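J.: Following this line is input_9.cif, made up of mmCIF, C-alpha atoms and all ligand atoms:
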data_model
loop_
_atom_site.group_PDB
_atom_site.id
_atom_site.type_symbol
_atom_site.label_atom_id
_atom_site.label_comp_id
_atom_site.auth_asym_id
_atom_site.auth_seq_id
_atom_site.Cartn_x
_atom_site.Cartn_y
_atom_site.Cartn_z
ATOM 1 C CA MET A 1 52.818 -83.133 31.237
ATOM 2 C CA LYS A 2 55.211 -80.464 32.471
ATOM 3 C CA PRO A 3 53.995 -78.414 35.440
ATOM 4 C CA ALA A 4 52.847 -74.931 34.408
ATOM 5 C CA GLN A 5 55.063 -73.296 37.008
ATOM 6 C CA GLN A 6 58.631 -72.688 35.847
ATOM 7 C CA TYR A 7 59.843 -71.199 39.097
ATOM 8 C CA HIS A 8 58.416 -71.362 42.557
ATOM 9 C CA LEU A 9 60.391 -69.695 45.347
ATOM 10 C CA ASP A 10 59.090 -69.783 48.844
ATOM 11 C CA GLY A 11 60.680 -67.761 51.664
ATOM 12 C CA VAL A 12 64.113 -67.845 50.050
ATOM 13 C CA ARG A 13 66.968 -66.345 52.004
ATOM 14 C CA LYS A 14 70.587 -66.038 50.914
ATOM 15 C CA VAL A 15 73.332 -65.097 53.295
ATOM 16 C CA PHE A 16 76.928 -64.791 52.095
ATOM 17 C CA GLY A 17 80.079 -65.461 54.102
ATOM 18 C CA ARG A 18 80.276 -62.787 56.751
ATOM 19 C CA GLY A 19 76.550 -62.477 57.341
ATOM 20 C CA GLN A 20 75.827 -60.447 54.204
ATOM 21 C CA VAL A 21 72.098 -60.965 53.599
ATOM 22 C CA ALA A 22 71.526 -60.745 49.831
ATOM 23 C CA LEU A 23 67.947 -62.063 49.715
ATOM 24 C CA GLU A 24 65.343 -62.187 52.439
ATOM 25 C CA GLY A 25 61.896 -63.809 52.528
ATOM 26 C CA PHE A 26 61.766 -64.005 48.771
ATOM 27 C CA ASP A 27 58.606 -65.484 47.232
ATOM 28 C CA LEU A 28 58.216 -65.786 43.502
ATOM 29 C CA LYS A 29 56.145 -67.686 40.975
ATOM 30 C CA VAL A 30 56.943 -67.533 37.301
ATOM 31 C CA ALA A 31 54.842 -69.460 34.807
ATOM 32 C CA ARG A 32 56.294 -71.220 31.767
ATOM 33 C CA GLY A 33 56.709 -68.880 28.847
ATOM 34 C CA GLU A 34 56.281 -65.800 31.010
ATOM 35 C CA ARG A 35 58.356 -62.657 30.423
ATOM 36 C CA VAL A 36 59.445 -60.772 33.517
ATOM 37 C CA ALA A 37 61.744 -57.793 34.044
ATOM 38 C CA LEU A 38 63.603 -57.221 37.304
ATOM 39 C CA ILE A 39 64.662 -53.739 38.260
ATOM 40 C CA GLY A 40 66.244 -52.171 41.304
ATOM 41 C CA PRO A 41 69.335 -50.333 42.459
ATOM 42 C CA SER A 42 72.781 -51.859 42.522
ATOM 43 C CA GLY A 43 73.184 -54.255 45.439
ATOM 44 C CA ALA A 44 69.454 -55.108 45.498
ATOM 45 C CA GLY A 45 70.169 -58.829 45.067
ATOM 46 C CA LYS A 46 69.215 -59.205 41.401
ATOM 47 C CA THR A 47 72.339 -61.086 40.352
ATOM 48 C CA THR A 48 72.158 -63.252 43.468
ATOM 49 C CA LEU A 49 68.583 -64.146 42.550
ATOM 50 C CA PHE A 50 69.618 -65.041 38.986
ATOM 51 C CA ARG A 51 72.508 -67.173 40.211
ATOM 52 C CA MET A 52 69.979 -69.030 42.299
ATOM 53 C CA LEU A 53 67.567 -69.347 39.396
ATOM 54 C CA ASN A 54 70.300 -70.944 37.253
ATOM 55 C CA CYS A 55 71.389 -73.252 40.098
ATOM 56 C CA THR A 56 74.861 -71.731 40.520
ATOM 57 C CA ILE A 57 74.171 -71.056 44.190
ATOM 58 C CA ARG A 58 71.664 -72.542 46.598
ATOM 59 C CA PRO A 59 69.353 -70.771 49.015
ATOM 60 C CA THR A 60 70.594 -70.586 52.610
ATOM 61 C CA SER A 61 67.012 -71.394 53.571
ATOM 62 C CA GLY A 62 63.599 -71.537 51.934
ATOM 63 C CA HIS A 63 62.438 -73.495 48.890
ATOM 64 C CA LEU A 64 63.459 -73.184 45.265
ATOM 65 C CA ARG A 65 61.516 -75.310 42.807
ATOM 66 C CA ILE A 66 62.146 -75.370 39.088
ATOM 67 C CA GLY A 67 59.547 -77.086 36.930
ATOM 68 C CA GLY A 68 58.156 -78.634 40.106
ATOM 69 C CA GLN A 69 61.580 -80.028 41.161
ATOM 70 C CA GLU A 70 63.027 -79.070 44.518
ATOM 71 C CA VAL A 71 66.554 -77.895 43.637
ATOM 72 C CA ALA A 72 67.893 -78.839 47.101
ATOM 73 C CA ASP A 73 67.335 -82.484 46.100
ATOM 74 C CA LEU A 74 69.485 -82.240 42.976
ATOM 75 C CA TYR A 75 73.157 -83.256 42.908
ATOM 76 C CA GLY A 76 75.683 -84.379 40.325
ATOM 77 C CA ARG A 77 74.063 -85.446 37.108
ATOM 78 C CA SER A 78 70.529 -84.303 37.943
ATOM 79 C CA LEU A 79 71.866 -80.881 38.904
ATOM 80 C CA ARG A 80 73.864 -80.627 35.659
ATOM 81 C CA GLU A 81 70.779 -81.590 33.674
ATOM 82 C CA MET A 82 68.753 -78.896 35.443
ATOM 83 C CA ARG A 83 71.453 -76.320 34.705
ATOM 84 C CA ARG A 84 71.430 -77.276 31.042
ATOM 85 C CA ARG A 85 67.769 -76.314 30.865
ATOM 86 C CA ILE A 86 68.552 -72.762 31.929
ATOM 87 C CA GLY A 87 70.503 -70.428 29.647
ATOM 88 C CA THR A 88 72.136 -67.322 31.079
ATOM 89 C CA ILE A 89 73.304 -64.208 29.270
ATOM 90 C CA TYR A 90 75.582 -61.895 31.231
ATOM 91 C CA GLN A 91 76.461 -58.235 30.911
ATOM 92 C CA GLN A 92 80.029 -59.193 30.074
ATOM 93 C CA HIS A 93 78.862 -61.987 27.772
ATOM 94 C CA ASN A 94 81.419 -64.500 29.137
ATOM 95 C CA LEU A 95 82.796 -65.431 25.719
ATOM 96 C CA VAL A 96 86.307 -66.688 25.054
ATOM 97 C CA PRO A 97 87.731 -63.707 23.139
ATOM 98 C CA ARG A 98 90.420 -65.510 21.144
ATOM 99 C CA LEU A 99 88.142 -68.222 19.817
ATOM 100 C CA ARG A 100 86.256 -68.005 16.586
ATOM 101 C CA VAL A 101 82.600 -67.111 16.909
ATOM 102 C CA LEU A 102 81.424 -70.587 15.950
ATOM 103 C CA HIS A 103 83.296 -72.167 18.849
ATOM 104 C CA ASN A 104 81.802 -69.765 21.340
ATOM 105 C CA VAL A 105 78.347 -70.469 19.939
ATOM 106 C CA LEU A 106 78.826 -74.224 20.046
ATOM 107 C CA SER A 107 80.043 -74.062 23.625
ATOM 108 C CA GLY A 108 76.328 -73.657 24.431
ATOM 109 C CA ARG A 109 76.219 -77.427 23.919
ATOM 110 C CA LEU A 110 78.992 -78.175 26.396
ATOM 111 C CA GLY A 111 76.480 -78.808 29.149
ATOM 112 C CA SER A 112 75.092 -81.748 27.230
ATOM 113 C CA TRP A 113 78.201 -83.342 25.688
ATOM 114 C CA SER A 114 81.207 -85.041 27.148
ATOM 115 C CA LEU A 115 84.190 -82.702 26.915
ATOM 116 C CA LEU A 116 85.990 -84.947 24.456
ATOM 117 C CA GLY A 117 82.942 -85.380 22.287
ATOM 118 C CA SER A 118 82.330 -81.659 22.226
ATOM 119 C CA LEU A 119 85.889 -80.811 21.231
ATOM 120 C CA ALA A 120 85.955 -83.450 18.513
ATOM 121 C CA SER A 121 82.667 -82.306 17.047
ATOM 122 C CA LEU A 122 83.431 -78.611 16.903
ATOM 123 C CA ALA A 123 84.378 -78.817 13.248
ATOM 124 C CA ARG A 124 81.630 -81.186 12.142
ATOM 125 C CA PRO A 125 79.448 -79.834 9.316
ATOM 126 C CA SER A 126 76.221 -80.485 11.226
ATOM 127 C CA GLN A 127 77.547 -78.380 14.085
ATOM 128 C CA LEU A 128 78.619 -75.638 11.709
ATOM 129 C CA GLU A 129 75.090 -75.617 10.363
ATOM 130 C CA THR A 130 73.655 -75.360 13.896
ATOM 131 C CA ALA A 131 75.965 -72.471 14.788
ATOM 132 C CA HIS A 132 75.258 -70.707 11.508
ATOM 133 C CA ARG A 133 71.503 -70.998 11.967
ATOM 134 C CA ALA A 134 71.697 -69.538 15.484
ATOM 135 C CA LEU A 135 73.925 -66.682 14.313
ATOM 136 C CA THR A 136 71.546 -65.982 11.433
ATOM 137 C CA ASP A 137 68.664 -65.869 13.929
ATOM 138 C CA VAL A 138 70.469 -63.127 15.835
ATOM 139 C CA GLY A 139 71.369 -61.269 12.635
ATOM 140 C CA ILE A 140 75.111 -61.984 12.272
ATOM 141 C CA GLY A 141 75.274 -65.188 10.218
ATOM 142 C CA GLU A 142 78.263 -63.827 8.305
ATOM 143 C CA LYS A 143 80.398 -63.735 11.483
ATOM 144 C CA LEU A 144 80.633 -67.531 11.848
ATOM 145 C CA PHE A 145 84.402 -67.674 11.307
ATOM 146 C CA SER A 146 85.327 -64.272 12.759
ATOM 147 C CA ARG A 147 87.488 -64.032 15.820
ATOM 148 C CA THR A 148 85.217 -63.142 18.708
ATOM 149 C CA ASP A 149 87.403 -60.291 19.985
ATOM 150 C CA GLU A 150 87.179 -58.583 16.591
ATOM 151 C CA LEU A 151 83.438 -58.042 16.972
ATOM 152 C CA SER A 152 81.768 -54.978 18.474
ATOM 153 C CA GLY A 153 80.197 -55.159 21.945
ATOM 154 C CA GLY A 154 76.725 -55.468 20.450
ATOM 155 C CA GLN A 155 77.815 -58.245 18.082
ATOM 156 C CA GLN A 156 79.442 -60.103 20.964
ATOM 157 C CA GLN A 157 76.202 -59.875 22.906
ATOM 158 C CA ARG A 158 74.460 -61.407 19.872
ATOM 159 C CA VAL A 159 77.015 -64.238 19.949
ATOM 160 C CA ALA A 160 76.110 -64.816 23.608
ATOM 161 C CA ILE A 161 72.430 -64.980 22.623
ATOM 162 C CA ALA A 162 73.237 -67.381 19.757
ATOM 163 C CA ARG A 163 75.080 -69.579 22.251
ATOM 164 C CA VAL A 164 71.930 -69.749 24.377
ATOM 165 C CA LEU A 165 69.872 -70.586 21.268
ATOM 166 C CA VAL A 166 72.173 -73.524 20.582
ATOM 167 C CA GLN A 167 71.843 -74.629 24.191
ATOM 168 C CA ASP A 168 68.055 -74.597 23.642
ATOM 169 C CA PRO A 169 67.082 -74.200 27.312
ATOM 170 C CA ASP A 170 63.571 -73.892 28.765
ATOM 171 C CA VAL A 171 64.471 -70.616 30.446
ATOM 172 C CA ILE A 172 66.567 -67.635 29.403
ATOM 173 C CA LEU A 173 67.974 -65.464 32.174
ATOM 174 C CA ALA A 174 69.634 -62.256 31.053
ATOM 175 C CA ASP A 175 71.518 -60.384 33.775
ATOM 176 C CA GLU A 176 71.875 -56.778 32.647
ATOM 177 C CA PRO A 177 72.435 -57.888 29.065
ATOM 178 C CA VAL A 178 72.527 -54.378 27.640
ATOM 179 C CA SER A 179 74.372 -52.372 30.280
ATOM 180 C CA SER A 180 77.529 -52.229 28.184
ATOM 181 C CA VAL A 181 75.966 -51.323 24.819
ATOM 182 C CA ASP A 182 74.592 -47.990 23.621
ATOM 183 C CA PRO A 183 70.878 -47.214 24.140
ATOM 184 C CA SER A 184 69.626 -47.822 20.577
ATOM 185 C CA LEU A 185 71.437 -51.143 20.413
ATOM 186 C CA ALA A 186 70.122 -51.974 23.892
ATOM 187 C CA GLU A 187 66.600 -51.718 22.583
ATOM 188 C CA THR A 188 67.407 -53.919 19.571
ATOM 189 C CA ILE A 189 68.868 -56.608 21.796
ATOM 190 C CA ILE A 190 65.906 -56.566 24.173
ATOM 191 C CA LYS A 191 63.565 -56.850 21.170
ATOM 192 C CA LEU A 192 65.613 -59.806 19.965
ATOM 193 C CA LEU A 193 65.283 -61.574 23.334
ATOM 194 C CA ILE A 194 61.540 -60.917 23.352
ATOM 195 C CA ALA A 195 61.200 -62.249 19.796
ATOM 196 C CA ILE A 196 63.115 -65.402 20.759
ATOM 197 C CA SER A 197 60.924 -66.037 23.784
ATOM 198 C CA ASP A 198 57.852 -65.404 21.622
ATOM 199 C CA ASP A 199 58.963 -67.815 18.904
ATOM 200 C CA THR A 200 60.191 -70.573 21.189
ATOM 201 C CA ARG A 201 57.869 -70.028 24.178
ATOM 202 C CA LYS A 202 60.872 -69.951 26.479
ATOM 203 C CA THR A 203 60.483 -68.299 29.853
ATOM 204 C CA LEU A 204 62.423 -65.021 29.863
ATOM 205 C CA LEU A 205 63.669 -63.148 32.911
ATOM 206 C CA VAL A 206 65.718 -60.041 32.351
ATOM 207 C CA ASN A 207 67.448 -57.969 34.965
ATOM 208 C CA LEU A 208 67.615 -54.412 33.655
ATOM 209 C CA HIS A 209 69.311 -51.192 34.616
ATOM 210 C CA SER A 210 66.938 -49.219 32.450
ATOM 211 C CA THR A 211 63.416 -48.841 33.817
ATOM 212 C CA ASP A 212 62.300 -47.547 30.404
ATOM 213 C CA LEU A 213 63.177 -50.827 28.693
ATOM 214 C CA ALA A 214 61.562 -52.860 31.466
ATOM 215 C CA LEU A 215 58.331 -50.890 31.289
ATOM 216 C CA SER A 216 58.287 -50.817 27.499
ATOM 217 C CA TYR A 217 58.762 -54.474 26.697
ATOM 218 C CA PHE A 218 57.715 -56.599 29.665
ATOM 219 C CA PRO A 219 54.178 -57.292 30.878
ATOM 220 C CA ARG A 220 55.352 -57.935 34.448
ATOM 221 C CA VAL A 221 57.930 -56.020 36.452
ATOM 222 C CA ILE A 222 59.516 -56.891 39.784
ATOM 223 C CA GLY A 223 61.166 -54.122 41.813
ATOM 224 C CA MET A 224 63.886 -55.292 44.218
ATOM 225 C CA LYS A 225 65.642 -53.344 46.891
ATOM 226 C CA ALA A 226 67.976 -54.432 49.691
ATOM 227 C CA GLY A 227 67.256 -58.127 49.148
ATOM 228 C CA VAL A 228 63.474 -57.894 49.238
ATOM 229 C CA LYS A 229 60.728 -57.526 46.690
ATOM 230 C CA LEU A 230 59.271 -54.032 46.812
ATOM 231 C CA PHE A 231 56.682 -54.767 44.120
ATOM 232 C CA ASP A 232 55.753 -57.462 41.655
ATOM 233 C CA THR A 233 53.052 -56.308 39.345
ATOM 234 C CA ALA A 234 51.626 -55.830 35.858
ATOM 235 C CA THR A 235 53.667 -53.141 34.128
ATOM 236 C CA SER A 236 50.568 -50.976 33.713
ATOM 237 C CA ARG A 237 50.380 -50.671 37.503
ATOM 238 C CA VAL A 238 53.926 -49.416 38.016
ATOM 239 C CA THR A 239 53.606 -45.803 39.150
ATOM 240 C CA PRO A 240 56.186 -43.013 39.306
ATOM 241 C CA GLU A 241 55.844 -43.181 43.119
ATOM 242 C CA LEU A 242 56.815 -46.859 43.155
ATOM 243 C CA LEU A 243 59.874 -46.139 41.016
ATOM 244 C CA GLN A 244 60.803 -43.235 43.241
ATOM 245 C CA GLU A 245 60.611 -45.459 46.295
ATOM 246 C CA LEU A 246 62.625 -48.159 44.548
ATOM 247 C CA TYR A 247 65.523 -45.861 43.768
ATOM 248 C CA SER A 248 65.318 -43.508 46.744
ATOM 249 C CA GLY A 249 68.731 -43.138 48.333
ATOM 250 C CA HIS A 250 70.427 -44.155 45.070
ATOM 251 C CA ALA A 251 71.692 -42.131 42.119
ATOM 252 C CA PRO A 252 69.161 -42.184 39.275
ATOM 253 C CA VAL A 253 70.037 -44.669 36.538
ATOM 254 C CA ASN A 254 68.760 -44.233 32.985
ATOM 255 C CA GLY A 255 65.799 -42.145 33.989
ATOM 256 C CA ALA A 256 65.072 -44.083 37.178
ATOM 257 C CA GLY A 257 63.951 -41.784 39.963
ATOM 258 C CA GLU A 258 63.072 -39.020 37.518
ATOM 259 C CA PRO A 259 59.434 -38.244 36.731
ATOM 260 C CA TYR A 260 58.140 -41.146 34.680
ATOM 261 C CA ARG A 261 56.984 -40.431 31.138
ATOM 262 C CA GLU A 262 55.318 -42.983 28.901
ATOM 263 C CA PRO A 263 58.058 -44.001 26.430
ATOM 264 C CA GLU A 264 57.036 -43.523 22.815
ATOM 265 C CA HIS A 265 57.819 -47.086 21.741
ATOM 266 C CA ARG A 266 55.525 -48.454 24.431
ATOM 267 C CA ARG A 267 52.590 -47.574 22.242
ATOM 268 C CA THR A 268 54.062 -48.867 18.981
ATOM 269 C CA ALA A 269 54.259 -52.482 17.890
ATOM 270 C CA VAL A 270 57.550 -54.249 18.607
HETATM 271 N N1 LIG A 301 79.725 -63.819 46.564
HETATM 272 C C1 LIG A 301 79.338 -62.873 47.420
HETATM 273 N N2 LIG A 301 79.898 -62.774 48.645
HETATM 274 C C2 LIG A 301 79.506 -61.840 49.534
HETATM 275 N N3 LIG A 301 78.535 -60.935 49.299
HETATM 276 C C3 LIG A 301 77.936 -60.977 48.083
HETATM 277 C C4 LIG A 301 78.297 -61.942 47.089
HETATM 278 N N4 LIG A 301 77.521 -61.735 45.991
HETATM 279 C C5 LIG A 301 76.724 -60.697 46.291
HETATM 280 N N5 LIG A 301 76.969 -60.239 47.544
HETATM 281 C C6 LIG A 301 76.274 -59.140 48.215
HETATM 282 O O1 LIG A 301 74.885 -59.356 48.107
HETATM 283 C C7 LIG A 301 74.195 -58.139 47.839
HETATM 284 C C8 LIG A 301 73.426 -58.263 46.535
HETATM 285 O O2 LIG A 301 74.338 -58.280 45.457
HETATM 286 P P1 LIG A 301 73.891 -58.557 43.960
HETATM 287 O O3 LIG A 301 73.029 -59.753 43.926
HETATM 288 O O4 LIG A 301 75.110 -58.571 43.131
HETATM 289 O O5 LIG A 301 73.015 -57.255 43.646
HETATM 290 P P2 LIG A 301 72.605 -56.594 42.255
HETATM 291 O O6 LIG A 301 72.817 -57.586 41.169
HETATM 292 O O7 LIG A 301 71.165 -56.221 42.429
HETATM 293 O O8 LIG A 301 73.472 -55.380 42.090
HETATM 294 C C9 LIG A 301 75.252 -57.058 47.821
HETATM 295 O O9 LIG A 301 75.281 -56.449 49.078
HETATM 296 C C10 LIG A 301 76.526 -57.802 47.535
HETATM 297 O O10 LIG A 301 77.628 -57.154 48.096
HETATM 298 MG MG MG A 302 73.922 -57.469 39.413
#
Turn this file's structure into structure tokens for me.
Ligand SMILES: Nc1ncnc2c1ncn2[C@@H]1O[C@H](COP(=O)(O)OP(=O)(O)O)[C@@H](O)[C@H]1O
Ligand SMILES: [Mg+2]
T.:
Amino acid sequence: MKPAQQYHLDGVRKVFGRGQVALEGFDLKVARGERVALIGPSGAGKTTLFRMLNCTIRPTSGHLRIGGQEVADLYGRSLREMRRRIGTIYQQHNLVPRLRVLHNVLSGRLGSWSLLGSLASLARPSQLETAHRALTDVGIGEKLFSRTDELSGGQQQRVAIARVLVQDPDVILADEPVSSVDPSLAETIIKLLIAISDDTRKTLLVNLHSTDLALSYFPRVIGMKAGVKLFDTATSRVTPELLQELYSGHAPVNGAGEPYREPEHRRTAV
């Protein structure tokens, strides 16, 4: 049986090159299937944390366990296999613009195929079917053969989500996935990620610029500032004072730092 704990971080510290401390004394437990939002001002260490959670970088010190596995013990093949189990969606969606949508979607499989095998199979009907199903799940099935750079920003973000669906990881990390799309679309995309994690029971961690979206759609919210966790609590316990403290000394972002009002959609079904 798989351990219930997806992530277990214990006293994690990350120091970059010239002594830049990005994370300090970071403890975190995330259960399988849990949905967590991370908020905090720019430079708080959110992206650094995500890069650690998807095994792109390693802690300078402290313990990082994923599914009970100590990541420090993983190298080569075992590290690649661990990375394959974690899907990441970025603000800038990291797609290859000149490729057709289907190729970008199928590149979600690259972690698990040999390069040659993956290139040869890009045109196989079974793979087309896989890509089409994922694109249909994110609402743009008709874009299978479109050139990626001809899609809108929101559609490209859906392609990035479809790519993660094809990868079929245990965990989805989304690092500011909606910072470059307009607010109504942002909400649609967050709802889509929530629906996916609901349907597939994948663990979902989203790093958000908008406190409103975090508080509206996630049961647990972590506030980060200057490399440390300021709070980690049930959304219902996040107070205007906590948000004020989180963003003090920083320009308000999307309502952050302003008096908190219960968003309307928080009370309506998603
Ligand atoms: N590769 C890097 N080299 C040096 N410093 C870095 C690097 N990545 C991040 N940092 C620093 O670590 C801190 C946290 O950055 P980051 O994780 O990007 O924050 P956030 O995503 O919350 O805006 C910042 O001070 C940033 O300058
Ligand atoms: Mg960031």
J.: Rank A:Asp149, A:Asp199, A:Asp175, A:Glu81 by their smallest atom-to-atom distance to ligand LIG 301 (chain A), using only C-alpha atoms and all ligand atoms, and report the top residue only.
T.: A:Asp175
J.: To verify the selection step, state as a PyMOL selection string which residues the PyMOL selection byres (((chain A and resi 137) around 12) and not hetatm) yields on this input.
T.: chain A and resi 130-136+138-142+158-159+161-166+192-193+195-196+199
J.: Write to file, as a compact mmCIF listing (two decimals), keeping the file's coordinate frame, the residues of the selection just made, with C-alpha atoms.
T.:
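And here's out_19.txt as it stands now:
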# COMPACT_ATOMS: atom_id res chain seq x y z
CA THR A 130 73.66 -75.36 13.90
CA ALA A 131 75.96 -72.47 14.79
CA HIS A 132 75.26 -70.71 11.51
CA ARG A 133 71.50 -71.00 11.97
CA ALA A 134 71.70 -69.54 15.48
CA LEU A 135 73.92 -66.68 14.31
CA THR A 136 71.55 -65.98 11.43
CA VAL A 138 70.47 -63.13 15.84
CA GLY A 139 71.37 -61.27 12.64
CA ILE A 140 75.11 -61.98 12.27
CA GLY A 141 75.27 -65.19 10.22
CA GLU A 142 78.26 -63.83 8.30
CA ARG A 158 74.46 -61.41 19.87
CA VAL A 159 77.02 -64.24 19.95
CA ILE A 161 72.43 -64.98 22.62
CA ALA A 162 73.24 -67.38 19.76
CA ARG A 163 75.08 -69.58 22.25
CA VAL A 164 71.93 -69.75 24.38
CA LEU A 165 69.87 -70.59 21.27
CA VAL A 166 72.17 -73.52 20.58
CA LEU A 192 65.61 -59.81 19.96
CA LEU A 193 65.28 -61.57 23.33
CA ALA A 195 61.20 -62.25 19.80
CA ILE A 196 63.12 -65.40 20.76
CA ASP A 199 58.96 -67.82 18.90
J.: Pick out the residues no farther than 6 Å from ligand LIG 301 (chain A), counting all atoms listed in the file, and list them as a VMD selection string.
T.: chain A and resid 16 to 17 20 22 42 to 48
J.: Evaluated on this file, the PyMOL selection byres (((chain A and resi 207) around 7) and not hetatm) picks out some residues - which ones are they, written as a list in words?
T.: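 This file, filtered by the PyMOL selection byres (((chain A and resi 207) around 7) and not hetatm), leaves Ala37, Leu38, Ile39, Lys46, Ala174, Asp175, Glu176, Leu205, Val206 and Leu208 of chain A.
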J.: Translate the PyMOL selection byres (((chain A and resi 8) around 7) and not hetatm), as applied to the file shown, into an explicit residue set as JSON, numbers by chain.
T.: {"A": [5, 6, 7, 9, 10, 28, 29, 30, 64, 65, 66]}
J.: Give me, as a count of residues only, all polymer residues having an atom no more than 9 Å from region 70-73 of chain A, counting all atoms listed in the file and skipping those fewer than 3 positions away in the same chain.
T.: 11
J.: May I ask which of the residues A:Val238, A:Met224, A:Leu102, A:Ala214 is the closest one to ligand MG 302 (chain A), counting only C-alpha atoms and all ligand atoms?
T.: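 That would be A:Met224, the residue with the smallest distance to ligand MG 302 (chain A).
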J.: Measuring atom to atom with only C-alpha atoms and all ligand atoms, identify which of A:Ile86, A:Leu230, A:Val15, A:Leu49 is nearest to ligand MG 302 (chain A).
T.: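 So, comparing all the options, the nearest one is A:Leu49.
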J.: Which is closest to Leu106 (chain A) among A:Thr235, A:Gln69, A:Gln167, A:Thr88, if we use all atoms listed in the file?
T.: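 Residue with the minimum atom-to-atom distance to Leu106 (chain A): A:Gln167.
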